[in-house]
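Working notes for the structure below.
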Amino acid sequence: MEKQNDHKKFSKKIGALSAGIIVILAIVLFAGIKNGFFLRKGDKILYAAYHTIKDQPGTADDVKDEDYTVSVDGQWKEQKIQAEYASASDQKQLKGTIDLDKLPDLEFVMTLDEKELKTQLPSLSQKVFVYDYKNGGKSGYLAKKIGSEKLERFDTILEELYGGNEQKTVGKDILKEARKEFNKLKMNKTEKKEFEIDGQKRNCAGYQFTISKDNAQIVLEAAEKTVKKNYGDGTKISADPIGKVFMAFYDKISAVGEMECSVYLYHNKLAAVSVSYEDDENAQNIKVLFLGGDFRTQNMEISFLVDEKTTTIQTNTTGNLAAKEGTLTFESDDTDSLSGRISVKKGCQMSELTGEECDLMKLNGFELLELFGEFAGFGF
């Protein structure tokens with residue numbers, strides 16, 4: 001009887017010990033997954049990129065689909081631009097003023113609703129120019145010159161800009177294919193390097209890899225299939241806003257052949273990214289330093305080496321841009337580069353377009369000539 005009790009006690013101890021070991025292993029495994037210890041090198045970089053973007057200050061109310069306004073105030077060389085983009089559930093509006101240096105300022109207001117794009121250029125005309133992207137009837141001089149195929153694509157883009165669902169689908173599909181190809185790249189771990197993060201010098205883990213034209217071509221082919229699926233067989237990837245961004249990257253890598261990339265991580269977030277390549281036998285480089293602050297992307301330094309000239313842009317973010325409560329300021333050390341401020345806030349206020357409506361796609365050649373005369377300040 002006593003031996004039986006001892007056996008039960010021993011079994012309980014073994015059971016408790018086993019349970020304890022399982023709990024410890026579960027905690028270690030969870031911590032390892034959370035901190036990226038068991039990820040492949042490529043996934044570690046993607047994991048760090050995700051957490052870098054996700055690292056934002058909290059907000060009291062983060063509603064993704066509510067109305068918002070984006071304000072832009074910038075300067076490039078001698079030209080200044082002030083613009084405001086307002087987004088509501090039933091319409092979108094872009095308005096602003098462009099300072100053209102020696103020419104009169106150009107004011108513009110563009111409103112997009114469920115069926116029309118309306119545009120007014122107050123400094124040129126009081127007319128409201130209407131473009132109906134939902135219905136046909138485009139039979140004027142401009143419509144014939146542009147052609148029905150291009151107009152149909154433009155209609156699709158406007159419909160997408162108003163709705164946004166297809167664009168999100170295309171963007172997700174491009175990222176999905178890019179991730180597949182990214183994980184095929186050979187990742188080499190490099191020596192740790194010191195970078196300044198949150199005001200302190202930190203030793204950061206480094207990785208190097210090469211992106212070739214072939215890698216970009218595979219993603220391009222997959223992305224084109226997605227665009228054709230959403231927009232039709234005759235549509236090119238450049239017809240999609242996100243596709244345009246990808247094509248800019250594709251055109252660059254096609255021209256240079258390949259890009260050497262270095263990525264440094266600290267505490268599972270990006271510390272620095274450097275991309276080097278040769279263009280017309282000249283060394284080029286783009287470097288991004290994540291200087292941190294209250295969050296990793298609060299202060300950043302972006303430098304460009306082009307034709308032996310380095311341009312540096314400093315950025316600072318306050319608030320949470322993703323939650324529509326924040327401001328991004330950017331300043332360049334080169335007067336030929338863009339400097340300014342972008343602010344995002346919840347809520348929007350639309351300007352009402354008043355004036356005689358004019359459908360450009362229905363004007364004949366003479367009527368169009370009259371309109372140009374009005375722009376120039378004289379009539380026929």
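So you can find residues: chains in the structure tokens are A, B, ... in the order shown, residues in each start at 1, and ligands are numbered from 1 in order.
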
Each residue of range 270-307 of chain A with at least one atom at most 10 Å from range 204-209 of chain A should appear once, together with its nearest atom pair and the corresponding distance in Å (one decimal); atoms considered: only C-alpha atoms; ordering: chain, then increasing residue number; output as a Markdown table.
| residue | atom | partner | partner_atom | distance |
| --- | --- | --- | --- | --- |
| A:Leu270 | CA | A:Cys204 | CA | 9.2 |
| A:Ala271 | CA | A:Cys204 | CA | 7.1 |
| A:Ala272 | CA | A:Cys204 | CA | 8.9 |
| A:Val273 | CA | A:Gly206 | CA | 9.7 |
| A:Ser274 | CA | A:Gln208 | CA | 9.5 |
| A:Val275 | CA | A:Phe209 | CA | 9.9 |

Using the selection just defined, write its residues with N, CA and C atoms as a PDB file, in the first residue's frame.
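And here's out-v4.pdb as it stands now:
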ATOM      1  N   LEU A 270      13.094  47.564 -38.708  1.00  0.00           N
ATOM      2  CA  LEU A 270      14.127  48.062 -39.609  1.00  0.00           C
ATOM      3  C   LEU A 270      14.961  49.145 -38.942  1.00  0.00           C
ATOM      4  N   ALA A 271      16.274  49.058 -39.152  1.00  0.00           N
ATOM      5  CA  ALA A 271      17.192  50.094 -38.680  1.00  0.00           C
ATOM      6  C   ALA A 271      17.754  50.880 -39.863  1.00  0.00           C
ATOM      7  N   ALA A 272      18.032  50.174 -40.964  1.00  0.00           N
ATOM      8  CA  ALA A 272      18.577  50.830 -42.158  1.00  0.00           C
ATOM      9  C   ALA A 272      18.358  49.940 -43.375  1.00  0.00           C
ATOM     10  N   VAL A 273      18.157  50.571 -44.521  1.00  0.00           N
ATOM     11  CA  VAL A 273      18.034  49.871 -45.796  1.00  0.00           C
ATOM     12  C   VAL A 273      18.891  50.614 -46.813  1.00  0.00           C
ATOM     13  N   SER A 274      19.724  49.872 -47.538  1.00  0.00           N
ATOM     14  CA  SER A 274      20.589  50.489 -48.547  1.00  0.00           C
ATOM     15  C   SER A 274      20.466  49.711 -49.856  1.00  0.00           C
ATOM     16  N   VAL A 275      20.266  50.426 -50.957  1.00  0.00           N
ATOM     17  CA  VAL A 275      20.158  49.812 -52.279  1.00  0.00           C
ATOM     18  C   VAL A 275      21.199  50.456 -53.191  1.00  0.00           C
TER      19      VAL A 275
END

**OP:** Can you work out which one of A:Phe330, A:Phe295, A:Tyr133, A:Tyr68 has the shortest atom-to-atom distance to Glu114 in chain A, counting only C-alpha atoms?
**Re:**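 Closest to Glu114 in chain A, using only C-alpha atoms: A:Tyr133.
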
Original post:
What are the DSSP strand (DSSP E or B) residues of range 58-212 of chain A, as an NGL selection string?
Top reply: :A and (68-76 or 79-87 or 92-99 or 106-112 or 116-120 or 128-132 or 188-197 or 200-212)

Produce a table with one row for each residue of range 320-352 of chain A that has an atom at most 8 Å from any atom of range 79-96 of chain A, each row naming the nearest atom pair and its distance in Å at one decimal; use only C-alpha atoms; arrange rows by chain and rising residue number; format as CSV.
residue,atom,partner,partner_atom,distance
A:Cys348,CA,A:Ala86,CA,5.6
A:Gln349,CA,A:Ala86,CA,7.0
A:Met350,CA,A:Gln93,CA,6.8

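Atom pair CA of Ser125 in chain A / CA of Ala143 in chain A: separated by 21.2 Å.
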